[in-house]
>>> print(open('coords.pdb').read())   # PDB, C-alpha atoms and all ligand atoms
ATOM      1  CA  MET A   5       0.000   0.000   0.000  1.00  0.00           C
ATOM      2  CA  ASP A   6       1.495   3.361  -0.933  1.00  0.00           C
ATOM      3  CA  SER A   7       1.709   6.152   1.592  1.00  0.00           C
ATOM      4  CA  LYS A   8      -1.176   8.110   0.064  1.00  0.00           C
ATOM      5  CA  MET A   9      -3.549   5.189   0.260  1.00  0.00           C
ATOM      6  CA  MET A  10      -2.440   4.553   3.807  1.00  0.00           C
ATOM      7  CA  ARG A  11      -3.127   8.126   4.738  1.00  0.00           C
ATOM      8  CA  LEU A  12      -6.617   8.097   3.233  1.00  0.00           C
ATOM      9  CA  SER A  13      -7.354   4.862   4.965  1.00  0.00           C
ATOM     10  CA  ARG A  14      -6.266   6.257   8.317  1.00  0.00           C
ATOM     11  CA  ARG A  15      -8.332   9.377   7.865  1.00  0.00           C
ATOM     12  CA  ASP A  16     -11.433   7.363   7.038  1.00  0.00           C
ATOM     13  CA  LEU A  17     -10.905   5.382  10.197  1.00  0.00           C
ATOM     14  CA  MET A  18     -10.290   8.565  12.131  1.00  0.00           C
ATOM     15  CA  VAL A  19     -13.578  10.103  10.996  1.00  0.00           C
ATOM     16  CA  ALA A  20     -15.483   6.902  11.658  1.00  0.00           C
ATOM     17  CA  SER A  21     -14.154   6.318  15.132  1.00  0.00           C
ATOM     18  CA  GLY A  22     -13.144   9.708  16.448  1.00  0.00           C
ATOM     19  CA  MET A  23      -9.729   8.308  17.044  1.00  0.00           C
ATOM     20  CA  LEU A  24      -6.460   9.190  15.433  1.00  0.00           C
ATOM     21  CA  ALA A  25      -4.293   6.517  13.876  1.00  0.00           C
ATOM     22  CA  VAL A  26      -0.646   7.410  13.696  1.00  0.00           C
ATOM     23  CA  GLY A  27       1.902   5.364  11.849  1.00  0.00           C
ATOM     24  CA  ALA A  28       5.477   5.073  13.025  1.00  0.00           C
ATOM     25  CA  GLY A  29       7.685   3.164  10.664  1.00  0.00           C
ATOM     26  CA  SER A  30       5.923  -0.095  10.001  1.00  0.00           C
ATOM     27  CA  GLY A  31       3.851   0.048  13.185  1.00  0.00           C
ATOM     28  CA  VAL A  32       0.537   1.796  13.810  1.00  0.00           C
ATOM     29  CA  TRP A  33      -0.833   2.833  17.143  1.00  0.00           C
ATOM     30  CA  TRP A  34      -3.981   4.595  18.221  1.00  0.00           C
ATOM     31  CA  ALA A  35      -4.291   7.645  20.352  1.00  0.00           C
ATOM     32  CA  GLN A  36      -7.168   9.875  21.279  1.00  0.00           C
ATOM     33  CA  HIS A  37      -6.741  13.580  20.599  1.00  0.00           C
ATOM     34  CA  ASP A  38      -8.796  16.630  21.427  1.00  0.00           C
ATOM     35  CA  LEU A  39      -8.389  17.818  17.864  1.00  0.00           C
ATOM     36  CA  VAL A  40      -9.923  14.708  16.421  1.00  0.00           C
ATOM     37  CA  GLU A  41     -12.536  14.314  19.129  1.00  0.00           C
ATOM     38  CA  VAL A  42     -13.845  17.729  18.253  1.00  0.00           C
ATOM     39  CA  ASP A  43     -13.997  16.768  14.586  1.00  0.00           C
ATOM     40  CA  HIS A  44     -15.823  13.585  15.550  1.00  0.00           C
ATOM     41  CA  HIS A  45     -18.518  15.677  17.207  1.00  0.00           C
ATOM     42  CA  GLY A  46     -19.008  17.565  13.985  1.00  0.00           C
ATOM     43  CA  LEU A  47     -17.455  20.797  15.170  1.00  0.00           C
ATOM     44  CA  SER A  48     -15.045  22.657  12.984  1.00  0.00           C
ATOM     45  CA  LEU A  49     -12.283  24.967  14.092  1.00  0.00           C
ATOM     46  CA  GLN A  50     -14.618  27.834  13.220  1.00  0.00           C
ATOM     47  CA  ASP A  51     -16.441  26.978  16.415  1.00  0.00           C
ATOM     48  CA  VAL A  52     -13.447  27.955  18.510  1.00  0.00           C
ATOM     49  CA  LYS A  53     -14.729  31.321  19.622  1.00  0.00           C
ATOM     50  CA  THR A  54     -13.264  31.834  23.088  1.00  0.00           C
ATOM     51  CA  ALA A  55      -9.732  32.450  24.278  1.00  0.00           C
ATOM     52  CA  ASP A  56      -9.824  29.340  26.482  1.00  0.00           C
ATOM     53  CA  ALA A  57     -10.926  27.151  23.581  1.00  0.00           C
ATOM     54  CA  ALA A  58      -8.272  28.659  21.318  1.00  0.00           C
ATOM     55  CA  LEU A  59      -5.597  28.095  23.945  1.00  0.00           C
ATOM     56  CA  ALA A  60      -6.730  24.485  24.377  1.00  0.00           C
ATOM     57  CA  ARG A  61      -6.607  24.015  20.618  1.00  0.00           C
ATOM     58  CA  LEU A  62      -3.100  25.418  20.354  1.00  0.00           C
ATOM     59  CA  THR A  63      -1.932  23.300  23.277  1.00  0.00           C
ATOM     60  CA  ALA A  64      -3.382  20.139  21.743  1.00  0.00           C
ATOM     61  CA  GLY A  65      -1.879  20.962  18.355  1.00  0.00           C
ATOM     62  CA  ASN A  66       1.555  21.540  19.878  1.00  0.00           C
ATOM     63  CA  LYS A  67       1.282  18.259  21.795  1.00  0.00           C
ATOM     64  CA  CYS A  68       0.685  16.436  18.519  1.00  0.00           C
ATOM     65  CA  TYR A  69       3.723  18.158  17.018  1.00  0.00           C
ATOM     66  CA  VAL A  70       5.941  17.327  20.003  1.00  0.00           C
ATOM     67  CA  GLU A  71       4.824  13.697  19.863  1.00  0.00           C
ATOM     68  CA  GLU A  72       5.672  13.611  16.159  1.00  0.00           C
ATOM     69  CA  HIS A  73       2.104  13.170  14.934  1.00  0.00           C
ATOM     70  CA  PHE A  74       3.041  15.348  12.018  1.00  0.00           C
ATOM     71  CA  ASP A  75       0.064  14.374   9.904  1.00  0.00           C
ATOM     72  CA  VAL A  76      -2.484  15.869  12.300  1.00  0.00           C
ATOM     73  CA  GLY A  77      -2.525  19.189  10.472  1.00  0.00           C
ATOM     74  CA  ASP A  78      -2.725  17.593   7.041  1.00  0.00           C
ATOM     75  CA  GLY A  79      -6.500  17.584   7.006  1.00  0.00           C
ATOM     76  CA  ARG A  80      -6.369  21.372   7.257  1.00  0.00           C
ATOM     77  CA  ARG A  81      -4.095  21.695   4.242  1.00  0.00           C
ATOM     78  CA  THR A  82      -6.228  20.100   1.551  1.00  0.00           C
ATOM     79  CA  VAL A  83      -7.787  21.360  -1.673  1.00  0.00           C
ATOM     80  CA  SER A  84     -11.212  21.257  -0.033  1.00  0.00           C
ATOM     81  CA  ARG A  85      -9.939  23.308   2.889  1.00  0.00           C
ATOM     82  CA  ARG A  86      -8.434  25.773   0.443  1.00  0.00           C
ATOM     83  CA  GLN A  87     -11.781  26.119  -1.290  1.00  0.00           C
ATOM     84  CA  GLU A  88     -13.634  26.347   2.024  1.00  0.00           C
ATOM     85  CA  THR A  89     -11.463  29.257   3.108  1.00  0.00           C
ATOM     86  CA  SER A  90     -11.213  31.037  -0.246  1.00  0.00           C
ATOM     87  CA  GLU A  91     -14.143  33.363   0.438  1.00  0.00           C
ATOM     88  CA  ARG A  92     -13.566  34.174   4.075  1.00  0.00           C
ATOM     89  CA  GLN A  93     -11.349  33.397   7.043  1.00  0.00           C
ATOM     90  CA  HIS A  94     -12.121  32.625  10.673  1.00  0.00           C
ATOM     91  CA  PRO A  95      -8.746  32.125  12.340  1.00  0.00           C
ATOM     92  CA  TYR A  96      -9.052  31.099  15.965  1.00  0.00           C
ATOM     93  CA  ALA A  97      -5.869  32.817  17.167  1.00  0.00           C
ATOM     94  CA  ALA A  98      -3.419  35.516  16.142  1.00  0.00           C
ATOM     95  CA  ILE A  99       0.246  34.780  16.684  1.00  0.00           C
ATOM     96  CA  LEU A 100       3.044  37.345  16.875  1.00  0.00           C
ATOM     97  CA  ALA A 101       6.132  35.213  16.300  1.00  0.00           C
ATOM     98  CA  CYS A 102       9.798  35.675  15.523  1.00  0.00           C
ATOM     99  CA  SER A 103      10.850  35.410  11.868  1.00  0.00           C
ATOM    100  CA  ASP A 104      13.303  32.623  12.726  1.00  0.00           C
ATOM    101  CA  SER A 105      13.010  29.843  10.143  1.00  0.00           C
ATOM    102  CA  ARG A 106      12.559  27.231  12.870  1.00  0.00           C
ATOM    103  CA  VAL A 107       9.481  28.637  14.553  1.00  0.00           C
ATOM    104  CA  GLY A 108       6.678  28.608  11.971  1.00  0.00           C
ATOM    105  CA  PRO A 109       3.456  28.722  14.033  1.00  0.00           C
ATOM    106  CA  GLU A 110       1.353  26.572  11.692  1.00  0.00           C
ATOM    107  CA  ILE A 111       3.927  23.800  12.043  1.00  0.00           C
ATOM    108  CA  LEU A 112       4.360  24.065  15.819  1.00  0.00           C
ATOM    109  CA  PHE A 113       0.601  24.044  16.416  1.00  0.00           C
ATOM    110  CA  SER A 114      -0.381  21.419  13.791  1.00  0.00           C
ATOM    111  CA  ALA A 115      -2.557  24.050  12.141  1.00  0.00           C
ATOM    112  CA  GLY A 116      -3.612  24.567   8.551  1.00  0.00           C
ATOM    113  CA  LEU A 117      -5.144  27.017   6.113  1.00  0.00           C
ATOM    114  CA  GLY A 118      -7.272  29.680   7.724  1.00  0.00           C
ATOM    115  CA  ASP A 119      -6.478  28.596  11.287  1.00  0.00           C
ATOM    116  CA  LEU A 120      -3.937  31.143  12.475  1.00  0.00           C
ATOM    117  CA  PHE A 121      -3.488  34.831  11.729  1.00  0.00           C
ATOM    118  CA  VAL A 122       0.275  35.168  11.863  1.00  0.00           C
ATOM    119  CA  VAL A 123       2.474  38.250  12.190  1.00  0.00           C
ATOM    120  CA  ARG A 124       6.204  37.621  12.159  1.00  0.00           C
ATOM    121  CA  VAL A 125       9.068  39.967  12.881  1.00  0.00           C
ATOM    122  CA  ALA A 126      12.544  39.202  14.204  1.00  0.00           C
ATOM    123  CA  GLY A 127      12.468  39.219  17.997  1.00  0.00           C
ATOM    124  CA  ASN A 128       8.624  39.251  18.047  1.00  0.00           C
ATOM    125  CA  ILE A 129       8.826  42.924  18.932  1.00  0.00           C
ATOM    126  CA  VAL A 130       6.088  45.483  19.247  1.00  0.00           C
ATOM    127  CA  ASP A 131       7.412  48.895  18.256  1.00  0.00           C
ATOM    128  CA  PRO A 132       5.133  51.922  17.806  1.00  0.00           C
ATOM    129  CA  ARG A 133       7.221  52.924  14.791  1.00  0.00           C
ATOM    130  CA  CYS A 134       6.376  49.615  13.131  1.00  0.00           C
ATOM    131  CA  TYR A 135       2.628  50.117  12.795  1.00  0.00           C
ATOM    132  CA  GLY A 136       2.343  46.984  10.635  1.00  0.00           C
ATOM    133  CA  VAL A 137       2.569  44.717  13.675  1.00  0.00           C
ATOM    134  CA  LEU A 138       0.056  46.513  15.882  1.00  0.00           C
ATOM    135  CA  GLY A 139      -2.231  47.291  12.939  1.00  0.00           C
ATOM    136  CA  SER A 140      -2.267  43.662  11.828  1.00  0.00           C
ATOM    137  CA  LEU A 141      -3.165  42.413  15.296  1.00  0.00           C
ATOM    138  CA  GLU A 142      -5.819  45.108  15.697  1.00  0.00           C
ATOM    139  CA  TYR A 143      -7.300  43.945  12.386  1.00  0.00           C
ATOM    140  CA  ALA A 144      -7.320  40.344  13.603  1.00  0.00           C
ATOM    141  CA  VAL A 145      -9.290  41.308  16.713  1.00  0.00           C
ATOM    142  CA  GLU A 146     -11.524  44.037  15.299  1.00  0.00           C
ATOM    143  CA  GLU A 147     -12.417  42.540  11.923  1.00  0.00           C
ATOM    144  CA  LEU A 148     -11.789  38.820  12.240  1.00  0.00           C
ATOM    145  CA  LYS A 149     -12.962  38.569  15.877  1.00  0.00           C
ATOM    146  CA  VAL A 150      -9.952  36.515  16.898  1.00  0.00           C
ATOM    147  CA  PRO A 151     -10.375  35.731  20.641  1.00  0.00           C
ATOM    148  CA  LEU A 152      -6.710  35.143  21.449  1.00  0.00           C
ATOM    149  CA  ILE A 153      -3.364  36.797  20.674  1.00  0.00           C
ATOM    150  CA  VAL A 154      -0.205  34.857  21.476  1.00  0.00           C
ATOM    151  CA  VAL A 155       3.223  36.512  21.557  1.00  0.00           C
ATOM    152  CA  LEU A 156       5.490  33.595  20.711  1.00  0.00           C
ATOM    153  CA  GLY A 157       9.153  33.971  21.548  1.00  0.00           C
ATOM    154  CA  HIS A 158      11.698  31.199  21.429  1.00  0.00           C
ATOM    155  CA  GLU A 159      14.833  30.003  23.160  1.00  0.00           C
ATOM    156  CA  GLY A 160      18.046  30.883  21.369  1.00  0.00           C
ATOM    157  CA  CYS A 161      16.509  33.913  19.651  1.00  0.00           C
ATOM    158  CA  GLY A 162      19.152  35.622  17.514  1.00  0.00           C
ATOM    159  CA  ALA A 163      17.492  39.035  17.737  1.00  0.00           C
ATOM    160  CA  VAL A 164      17.489  38.937  21.535  1.00  0.00           C
ATOM    161  CA  LYS A 165      21.039  37.647  21.553  1.00  0.00           C
ATOM    162  CA  ALA A 166      22.094  40.572  19.351  1.00  0.00           C
ATOM    163  CA  ALA A 167      20.520  43.010  21.802  1.00  0.00           C
ATOM    164  CA  ILE A 168      22.454  41.395  24.671  1.00  0.00           C
ATOM    165  CA  ARG A 169      25.713  41.634  22.747  1.00  0.00           C
ATOM    166  CA  VAL A 170      25.152  45.335  22.155  1.00  0.00           C
ATOM    167  CA  ILE A 171      24.897  45.844  25.915  1.00  0.00           C
ATOM    168  CA  GLN A 172      27.499  43.355  27.131  1.00  0.00           C
ATOM    169  CA  GLU A 173      30.059  43.530  24.361  1.00  0.00           C
ATOM    170  CA  LYS A 174      29.315  46.992  22.936  1.00  0.00           C
ATOM    171  CA  VAL A 175      29.030  45.562  19.429  1.00  0.00           C
ATOM    172  CA  GLU A 176      27.714  47.914  16.755  1.00  0.00           C
ATOM    173  CA  LEU A 177      24.998  46.502  14.528  1.00  0.00           C
ATOM    174  CA  PRO A 178      24.491  47.718  10.962  1.00  0.00           C
ATOM    175  CA  GLY A 179      21.447  49.353   9.418  1.00  0.00           C
ATOM    176  CA  ALA A 180      17.975  48.850  10.787  1.00  0.00           C
ATOM    177  CA  ILE A 181      19.186  45.800  12.725  1.00  0.00           C
ATOM    178  CA  ALA A 182      20.524  48.254  15.298  1.00  0.00           C
ATOM    179  CA  MET A 183      17.066  49.796  15.755  1.00  0.00           C
ATOM    180  CA  LEU A 184      15.474  46.370  16.013  1.00  0.00           C
ATOM    181  CA  ALA A 185      17.916  45.403  18.745  1.00  0.00           C
ATOM    182  CA  ALA A 186      17.376  48.774  20.454  1.00  0.00           C
ATOM    183  CA  THR A 187      13.685  47.931  20.801  1.00  0.00           C
ATOM    184  CA  ILE A 188      14.642  44.819  22.767  1.00  0.00           C
ATOM    185  CA  GLN A 189      17.436  46.358  24.854  1.00  0.00           C
ATOM    186  CA  PRO A 190      15.267  47.958  27.595  1.00  0.00           C
ATOM    187  CA  VAL A 191      14.217  44.504  28.865  1.00  0.00           C
ATOM    188  CA  ILE A 192      17.769  43.263  29.215  1.00  0.00           C
ATOM    189  CA  GLU A 193      19.332  43.451  32.637  1.00  0.00           C
ATOM    190  CA  ALA A 194      22.890  44.671  32.685  1.00  0.00           C
ATOM    191  CA  SER A 195      24.878  41.754  34.074  1.00  0.00           C
ATOM    192  CA  SER A 196      28.021  39.795  33.518  1.00  0.00           C
ATOM    193  CA  GLU A 197      26.153  36.505  33.179  1.00  0.00           C
ATOM    194  CA  PRO A 198      27.200  34.143  30.406  1.00  0.00           C
ATOM    195  CA  ILE A 199      25.235  35.006  27.297  1.00  0.00           C
ATOM    196  CA  GLU A 200      23.280  31.720  27.249  1.00  0.00           C
ATOM    197  CA  THR A 201      21.953  32.272  30.789  1.00  0.00           C
ATOM    198  CA  ALA A 202      21.214  35.894  30.081  1.00  0.00           C
ATOM    199  CA  LEU A 203      19.522  34.898  26.829  1.00  0.00           C
ATOM    200  CA  HIS A 204      16.915  32.674  28.481  1.00  0.00           C
ATOM    201  CA  LYS A 205      15.921  35.455  30.888  1.00  0.00           C
ATOM    202  CA  ALA A 206      15.902  38.067  28.139  1.00  0.00           C
ATOM    203  CA  VAL A 207      13.730  35.916  25.848  1.00  0.00           C
ATOM    204  CA  MET A 208      11.125  35.634  28.620  1.00  0.00           C
ATOM    205  CA  ALA A 209      11.324  39.335  29.431  1.00  0.00           C
ATOM    206  CA  ASN A 210      11.057  40.270  25.764  1.00  0.00           C
ATOM    207  CA  VAL A 211       7.900  38.214  25.326  1.00  0.00           C
ATOM    208  CA  GLU A 212       6.403  39.793  28.424  1.00  0.00           C
ATOM    209  CA  ALA A 213       7.337  43.281  27.161  1.00  0.00           C
ATOM    210  CA  SER A 214       5.541  42.661  23.861  1.00  0.00           C
ATOM    211  CA  VAL A 215       2.490  41.337  25.707  1.00  0.00           C
ATOM    212  CA  GLN A 216       2.380  44.465  27.879  1.00  0.00           C
ATOM    213  CA  LYS A 217       2.761  46.776  24.868  1.00  0.00           C
ATOM    214  CA  LEU A 218      -0.115  45.057  23.089  1.00  0.00           C
ATOM    215  CA  ARG A 219      -2.224  45.404  26.230  1.00  0.00           C
ATOM    216  CA  THR A 220      -1.579  49.131  26.464  1.00  0.00           C
ATOM    217  CA  ASP A 221      -0.616  50.514  23.045  1.00  0.00           C
ATOM    218  CA  GLY A 222      -3.161  51.711  20.526  1.00  0.00           C
ATOM    219  CA  PRO A 223      -6.889  52.413  20.865  1.00  0.00           C
ATOM    220  CA  ILE A 224      -8.257  48.948  20.141  1.00  0.00           C
ATOM    221  CA  LEU A 225      -6.629  46.069  22.013  1.00  0.00           C
ATOM    222  CA  GLY A 226      -6.727  47.562  25.529  1.00  0.00           C
ATOM    223  CA  PRO A 227     -10.492  48.201  25.475  1.00  0.00           C
ATOM    224  CA  ARG A 228     -11.196  44.817  23.853  1.00  0.00           C
ATOM    225  CA  LEU A 229      -9.138  43.228  26.603  1.00  0.00           C
ATOM    226  CA  LYS A 230     -11.235  44.951  29.272  1.00  0.00           C
ATOM    227  CA  GLN A 231     -14.427  43.888  27.515  1.00  0.00           C
ATOM    228  CA  MET A 232     -13.103  40.298  27.559  1.00  0.00           C
ATOM    229  CA  ASN A 233     -13.327  40.113  23.761  1.00  0.00           C
ATOM    230  CA  VAL A 234      -9.716  39.062  23.523  1.00  0.00           C
ATOM    231  CA  ALA A 235      -6.964  37.598  25.697  1.00  0.00           C
ATOM    232  CA  ILE A 236      -3.284  38.308  25.124  1.00  0.00           C
ATOM    233  CA  VAL A 237      -0.765  35.770  26.401  1.00  0.00           C
ATOM    234  CA  GLY A 238       2.937  35.104  26.031  1.00  0.00           C
ATOM    235  CA  ALA A 239       4.584  31.819  25.122  1.00  0.00           C
ATOM    236  CA  VAL A 240       8.101  30.518  24.618  1.00  0.00           C
ATOM    237  CA  TYR A 241       9.051  27.773  22.167  1.00  0.00           C
ATOM    238  CA  ASP A 242      11.896  25.367  22.845  1.00  0.00           C
ATOM    239  CA  LEU A 243      13.812  24.600  19.660  1.00  0.00           C
ATOM    240  CA  LYS A 244      14.971  21.177  20.836  1.00  0.00           C
ATOM    241  CA  SER A 245      11.898  19.682  22.496  1.00  0.00           C
ATOM    242  CA  GLY A 246       9.360  21.371  20.235  1.00  0.00           C
ATOM    243  CA  LEU A 247       7.314  22.354  23.282  1.00  0.00           C
ATOM    244  CA  VAL A 248       5.514  25.676  23.483  1.00  0.00           C
ATOM    245  CA  ARG A 249       5.157  26.840  27.088  1.00  0.00           C
ATOM    246  CA  PHE A 250       2.379  29.367  27.647  1.00  0.00           C
ATOM    247  CA  LEU A 251       3.165  32.086  30.185  1.00  0.00           C
ATOM    248  CA  THR A 252      -0.337  32.360  31.547  1.00  0.00           C
ATOM    249  CA  GLU A 253      -0.818  33.776  35.020  1.00  0.00           C
TER     250      GLU A 253
HETATM  251 ZN    ZN A 301      14.119  34.792  17.143  1.00  0.00          ZN
END
>>> encode(input="coords.pdb", output="structure tokens")
Amino acid sequence: MDSKMMRLSRRDLMVASGMLAVGAGSGVWWAQHDLVEVDHHGLSLQDVKTADAALARLTAGNKCYVEEHFDVGDGRRTVSRRQETSERQHPYAAILACSDSRVGPEILFSAGLGDLFVVRVAGNIVDPRCYGVLGSLEYAVEELKVPLIVVLGHEGCGAVKAAIRVIQEKVELPGAIAMLAATIQPVIEASSEPIETALHKAVMANVEASVQKLRTDGPILGPRLKQMNVAIVGAVYDLKSGLVRFLTE
């Protein structure tokens, strides 16, 4: 049986039973997943309308990714899904992520077409001079009614590391990279810690700084936050384990 036939067969079984079949090498095992259970009950991702539900969905999707169930998102990347979403979109979360090639949100969260509204900029920064970031997220909340914004930083972030090196080693960065790093610098504590230790702390602080800016900057997100129309949370992705840790209070 070729891999395509196998995949179709698994999906048919998945729909029929509400279970997910995952192949590993020549073996196949069964596991129950929130993602699939929801599908089994006839709900689509368009029914994820609250921040809690969106957070649960992201968490479940990341769990699938960490456990190497890489085909979970496939059903959201089909021709029929493309056609379904061609007229309109109902993403269930907006993600502000770093541009790093290793942190693509759709991959980390086992998501597909129309699921996530993604804004990416090196260092996942929010800078009033860069209205594209804030404006995009305001659009996601105001027009697309996205219930959740996630600021997704990651361990080993090169942009944050650059900002640390400017402070600790007095390096001079060229062009607009210097301004990007300058946006991150206020969150970095002056210390003589080894850069790797300092980097972990700075990544966390940088995520938190972006979360706070989104909560307070601009005329839209703050009020929507108070009205409970949207939640804004931070998260940090680990490049090695694949785990996304949400920094919820
Ligand atoms: Zn980065």
>>> closest_residue(input="coords.pdb", among="A:Cys161, A:Ile192, A:Ala186, A:Ala239", to="ligand ZN 301 (chain A)", atoms="only C-alpha atoms and all ligand atoms")
A:Cys161
>>> residues_near_ligand(input="coords.pdb", ligand="ligand ZN 301 (chain A)", cutoff="8 Å", atoms="only C-alpha atoms and all ligand atoms", output="PyMOL selection string")
chain A and resi 102-104+126-128+157-164
>>> write_last_selection(input="coords.pdb", atoms="C-alpha atoms", output="CSV table (one decimal), keeping the file's coordinate frame")
chain,number,residue,atom,x,y,z
A,102,CYS,CA,9.8,35.7,15.5
A,103,SER,CA,10.8,35.4,11.9
A,104,ASP,CA,13.3,32.6,12.7
A,126,ALA,CA,12.5,39.2,14.2
A,127,GLY,CA,12.5,39.2,18.0
A,128,ASN,CA,8.6,39.3,18.0
A,157,GLY,CA,9.2,34.0,21.5
A,158,HIS,CA,11.7,31.2,21.4
A,159,GLU,CA,14.8,30.0,23.2
A,160,GLY,CA,18.0,30.9,21.4
A,161,CYS,CA,16.5,33.9,19.7
A,162,GLY,CA,19.2,35.6,17.5
A,163,ALA,CA,17.5,39.0,17.7
A,164,VAL,CA,17.5,38.9,21.5
>>> resolve_selection(input="coords.pdb", expression="the PyMOL selection byres (((chain A and resi 93) around 10) and not hetatm)", output="ChimeraX atom specification")
/A:50,88-92,94-96,117-121,148
>>> closest_atom_pairs(input="coords.pdb", of="stretch 59-172 of chain A", to="stretch 215-230 of chain A", cutoff="10 Å", atoms="all atoms listed in the file", output="CSV")
residue,atom,partner,partner_atom,distance
A:Leu100,CA,A:Val215,CA,9.7
A:Ile129,CA,A:Lys217,CA,9.3
A:Val130,CA,A:Lys217,CA,6.7
A:Asp131,CA,A:Lys217,CA,8.4
A:Pro132,CA,A:Asp221,CA,7.9
A:Tyr135,CA,A:Gly222,CA,9.8
A:Val137,CA,A:Leu218,CA,9.8
A:Leu138,CA,A:Leu218,CA,7.4
A:Gly139,CA,A:Gly222,CA,8.8
A:Leu141,CA,A:Leu225,CA,8.4
A:Glu142,CA,A:Ile224,CA,6.4
A:Tyr143,CA,A:Ile224,CA,9.3
A:Val145,CA,A:Leu225,CA,7.6
A:Glu146,CA,A:Ile224,CA,7.6
A:Pro151,CA,A:Leu229,CA,9.7
A:Leu152,CA,A:Leu229,CA,9.9
A:Ile153,CA,A:Val215,CA,9.0
A:Val154,CA,A:Val215,CA,8.2
A:Val155,CA,A:Val215,CA,6.4
A:Leu156,CA,A:Val215,CA,9.7
>>> write_last_selection(input="coords.pdb", atoms="C-alpha atoms", output="CSV table (one decimal), keeping the file's coordinate frame")
chain,number,residue,atom,x,y,z
A,100,LEU,CA,3.0,37.3,16.9
A,129,ILE,CA,8.8,42.9,18.9
A,130,VAL,CA,6.1,45.5,19.2
A,131,ASP,CA,7.4,48.9,18.3
A,132,PRO,CA,5.1,51.9,17.8
A,135,TYR,CA,2.6,50.1,12.8
A,137,VAL,CA,2.6,44.7,13.7
A,138,LEU,CA,0.1,46.5,15.9
A,139,GLY,CA,-2.2,47.3,12.9
A,141,LEU,CA,-3.2,42.4,15.3
A,142,GLU,CA,-5.8,45.1,15.7
A,143,TYR,CA,-7.3,43.9,12.4
A,145,VAL,CA,-9.3,41.3,16.7
A,146,GLU,CA,-11.5,44.0,15.3
A,151,PRO,CA,-10.4,35.7,20.6
A,152,LEU,CA,-6.7,35.1,21.4
A,153,ILE,CA,-3.4,36.8,20.7
A,154,VAL,CA,-0.2,34.9,21.5
A,155,VAL,CA,3.2,36.5,21.6
A,156,LEU,CA,5.5,33.6,20.7
>>> atom_distance(input="coords.pdb", atom1="atom CA of A:Glu173", atom2="atom CA of A:Thr201")
15.3 Å
>>> atom_distance(input="coords.pdb", atom1="atom CA of A:Pro178", atom2="atom CA of A:Ala166")
11.3 Å
>>> closest_residue(input="coords.pdb", among="A:Ala209, A:Val237, A:Glu72, A:Ile171", to="A:Ile99", atoms="all atoms listed in the file")
A:Val237
>>> residues_around(input="coords.pdb", residues="A:Val170", least_positions_apart="3", cutoff="12 Å", atoms="only C-alpha atoms", output="list in words")
Ala163, Val164, Lys165, Ala166, Ala167, Glu173, Lys174, Val175, Glu176, Leu177, Pro178, Ile181, Ala182, Met183, Leu184, Ala185, Ala186, Thr187, Ile188, Gln189, Pro190, Ile192, Ala194 and Ile199 of chain A
>>> resolve_selection(input="coords.pdb", expression="the PyMOL selection byres (((chain A and resi 61) around 9) and not hetatm)", output="list in words")
Asp38, Leu39, Leu49, Val52, Asp56, Ala57, Ala58, Leu59, Ala60, Leu62, Thr63, Ala64, Gly65, Asn66, Tyr96 and Phe113 of chain A
>>> write_last_selection(input="coords.pdb", atoms="C-alpha atoms", output="tab-separated table (two decimals), in the frame of the given file")
chain	number	residue	atom	x	y	z
A	38	ASP	CA	-8.80	16.63	21.43
A	39	LEU	CA	-8.39	17.82	17.86
A	49	LEU	CA	-12.28	24.97	14.09
A	52	VAL	CA	-13.45	27.96	18.51
A	56	ASP	CA	-9.82	29.34	26.48
A	57	ALA	CA	-10.93	27.15	23.58
A	58	ALA	CA	-8.27	28.66	21.32
A	59	LEU	CA	-5.60	28.10	23.94
A	60	ALA	CA	-6.73	24.48	24.38
A	62	LEU	CA	-3.10	25.42	20.35
A	63	THR	CA	-1.93	23.30	23.28
A	64	ALA	CA	-3.38	20.14	21.74
A	65	GLY	CA	-1.88	20.96	18.36
A	66	ASN	CA	1.56	21.54	19.88
A	96	TYR	CA	-9.05	31.10	15.96
A	113	PHE	CA	0.60	24.04	16.42
>>> atom_distance(input="coords.pdb", atom1="atom CA of A:Val248", atom2="atom CA of A:Val191")
21.4 Å
>>> closest_residue(input="coords.pdb", among="A:Gln231, A:Pro109, A:Ala144, A:Gly116", to="A:Val83", atoms="only C-alpha atoms")
A:Gly116
